[in-house]
Amino acid sequence: MLTLAAVPASGHAFERKNPATVSLSPSAIMIDADNRLTPADFARSNGLSSAQLAARFGATGIVRCGAAVGTGQLVGADNVVVTAAHVLFAAGGKLRHSDCSFSIHAGGRRQVVALQLDKVVSGSRSPYAEPAVKDWAVAPLARPVLDARPYALAGSMSVPGTIVLSAGARGTHELPSLQRCQARQVTAAAGGLREVAIDCDAEGGTSGAALLTERGGFIGLYVGFRSTHPGTAGPFSMSHYNFGLTAEGALHAAILDVARSGEQRSASR
């Protein structure tokens, strides 16, 4: 079975057979069929008003870092973004770009805020050389997002259990989607986090997307996929699945630490 991790650049993913052998492969991993919905369609399907939709699922945006585009979200504070480490760091541990930003619609307007890259806390700055369970990053913003409703940490993810995947992009295009799907099986664990196989649909641009409770609580993030037939839809199996990480252990602690340090910086001004 091939092991892959999604990289949100040009709608493709890098295939990781081993650290020295990297080639391009289609990044769309559809489980049975593409069941992602636009936020408006998700709201209609679930009887949510626009206000309820924004309150529960409105903290997702996109992260741009050079040519890379991934998903990020405000968690715990209006100046803290959580995403996958490989959205920010390329092979070899170098930042993808010296200027990375977070974009989101909040308070009735689009806001674009720079990430403070010198203050990023991550499971690894070389995510391609480490187990995928370390592929997470918490980045403070240069300023708070105005009128934002950050996701609250919601405790442990139940596996098996129902989740909602909230993504901000498809390929390199900003195109938000929501999907109710299932956390199916724990596939690895380290640092107090669990890697979990999920039957949600994803592609390049989904990297870093939020895994939420049905009430909008943050319980994890999407990282990548493993498949023997990437780019071709098929049933969920241990040879064709997407996976994410739980917001526990070191990731949970990092979110709280970055949020607290932001409060201290604000108070000292």
# chains A, B, ... in the order shown; residues from 1 in each chain; ligands from 1
$ closest_atom_pairs --of "segment 121-224 of chain A" --to "segment 66-78 of chain A" --cutoff "10 Å" --atoms "only C-alpha atoms" --output "tab-separated table"
residue	atom	partner	partner_atom	distance
A:Ala137	CA	A:Gly72	CA	9.7
A:Val138	CA	A:Val75	CA	9.2
A:Ala139	CA	A:Leu74	CA	9.7
A:Pro140	CA	A:Asp78	CA	9.3
A:Leu141	CA	A:Asp78	CA	8.5
A:Arg143	CA	A:Asp78	CA	8.6
A:Pro144	CA	A:Asp78	CA	5.1
A:Val145	CA	A:Asp78	CA	5.5
A:Leu146	CA	A:Asp78	CA	7.5
A:Asp147	CA	A:Asp78	CA	8.4
A:Ala148	CA	A:Asp78	CA	6.1
A:Arg149	CA	A:Asp78	CA	7.1
A:Pro150	CA	A:Leu74	CA	4.8
A:Tyr151	CA	A:Val75	CA	4.7
A:Ala152	CA	A:Gly76	CA	5.3
A:Leu153	CA	A:Gly76	CA	6.6
A:Ser166	CA	A:Thr71	CA	8.7
A:Ala167	CA	A:Thr71	CA	5.9
A:Gly168	CA	A:Thr71	CA	5.1
A:Ala169	CA	A:Thr71	CA	6.3
A:Arg170	CA	A:Gly70	CA	8.5
A:Gly171	CA	A:Val69	CA	7.4
A:Thr172	CA	A:Val69	CA	5.5
A:His173	CA	A:Val69	CA	8.0
A:Glu174	CA	A:Val69	CA	8.6
A:Pro176	CA	A:Thr71	CA	9.2
A:Gly204	CA	A:Gly70	CA	7.5
A:Gly205	CA	A:Gly70	CA	4.3
A:Thr206	CA	A:Thr71	CA	5.7
A:Ser207	CA	A:Gly70	CA	5.2
A:Gly208	CA	A:Thr71	CA	4.9
A:Ala209	CA	A:Thr71	CA	4.9
A:Ala210	CA	A:Gln73	CA	6.9
A:Gly217	CA	A:Val75	CA	9.3
A:Phe218	CA	A:Val75	CA	7.3
A:Leu221	CA	A:Gly72	CA	9.0
A:Tyr222	CA	A:Thr71	CA	9.1
$ select_by_dssp --residues "segment 24-210 of chain A" --states "alpha helix (DSSP H)" --output "number ranges by chain"
A: 39-45, 50-57, 85-88
$ write_last_selection --atoms "N, CA and C atoms" --output "compact mmCIF listing (two decimals), in the first residue's frame"
# COMPACT_ATOMS: atom_id res chain seq x y z
N PRO A 39 -21.33 25.34 2.19
CA PRO A 39 -21.91 25.71 3.49
C PRO A 39 -23.41 25.98 3.42
N ALA A 40 -23.86 26.63 2.35
CA ALA A 40 -25.30 26.92 2.22
C ALA A 40 -26.11 25.64 2.09
N ASP A 41 -25.63 24.69 1.30
CA ASP A 41 -26.34 23.42 1.15
C ASP A 41 -26.31 22.61 2.44
N PHE A 42 -25.18 22.66 3.15
CA PHE A 42 -25.08 21.96 4.43
C PHE A 42 -26.09 22.54 5.42
N ALA A 43 -26.21 23.86 5.44
CA ALA A 43 -27.16 24.52 6.34
C ALA A 43 -28.58 24.10 6.02
N ARG A 44 -28.94 24.09 4.73
CA ARG A 44 -30.29 23.67 4.34
C ARG A 44 -30.54 22.22 4.71
N SER A 45 -29.57 21.35 4.47
CA SER A 45 -29.74 19.92 4.76
C SER A 45 -29.88 19.63 6.24
N SER A 50 -28.49 30.90 8.85
CA SER A 50 -27.17 31.44 8.51
C SER A 50 -26.40 31.83 9.77
N ALA A 51 -27.10 32.30 10.78
CA ALA A 51 -26.44 32.66 12.03
C ALA A 51 -25.91 31.42 12.74
N GLN A 52 -26.68 30.34 12.76
CA GLN A 52 -26.23 29.10 13.38
C GLN A 52 -25.05 28.51 12.62
N LEU A 53 -25.09 28.59 11.29
CA LEU A 53 -23.99 28.09 10.47
C LEU A 53 -22.70 28.83 10.80
N ALA A 54 -22.78 30.15 10.87
CA ALA A 54 -21.60 30.95 11.17
C ALA A 54 -21.07 30.68 12.57
N ALA A 55 -21.98 30.52 13.53
CA ALA A 55 -21.57 30.30 14.92
C ALA A 55 -20.87 28.96 15.08
N ARG A 56 -21.35 27.93 14.38
CA ARG A 56 -20.78 26.59 14.54
C ARG A 56 -19.58 26.33 13.64
N PHE A 57 -19.65 26.81 12.39
CA PHE A 57 -18.68 26.38 11.38
C PHE A 57 -18.02 27.55 10.65
N ALA A 85 1.29 20.97 9.43
CA ALA A 85 2.65 21.50 9.34
C ALA A 85 3.13 21.59 7.90
N HIS A 86 2.73 20.61 7.05
CA HIS A 86 3.25 20.61 5.68
C HIS A 86 2.65 21.72 4.81
N VAL A 87 1.63 22.40 5.31
CA VAL A 87 1.14 23.60 4.62
C VAL A 87 2.18 24.72 4.72
N LEU A 88 2.93 24.75 5.82
CA LEU A 88 3.92 25.81 6.06
C LEU A 88 5.34 25.39 5.75
$ select_by_dssp --residues "segment 13-252 of chain A" --states "strand (DSSP E)" --output "ChimeraX atom specification"
/A:13-18,21-26,60-65,68-74,80-83,100-106,109-114,121-122,137-140,161-170,173-190,193-198,210-212,218-227,240-246
$ residues_around --residues "Thr232 of chain A" --least-positions-apart "6" --cutoff "10 Å" --atoms "only C-alpha atoms" --output "JSON, numbers by chain"
{"A": [26, 27, 28, 29, 30, 31, 32, 33, 240]}
$ closest_residue --among "A:Arg215, A:Arg96, A:Arg226, A:Arg184" --to "Asn46 of chain A" --atoms "only C-alpha atoms"
A:Arg215
$ residues_around --residues "Gln182 of chain A" --least-positions-apart "3" --cutoff "7 Å" --atoms "only C-alpha atoms" --output "list in words"
Pro160, Gly161, Thr162, Ile163, Ile198, Asp199 and Cys200 of chain A
$ atom_distance --atom1 "atom CA of Ala84 of chain A" --atom2 "atom CA of Val113 of chain A"
17.7 Å
$ residues_around --residues "Met238 of chain A" --least-positions-apart "4" --cutoff "12 Å" --atoms "only C-alpha atoms" --output "PyMOL selection string"
chain A and resi 1-3+31+184-187+196-199+225-229+234+242-243
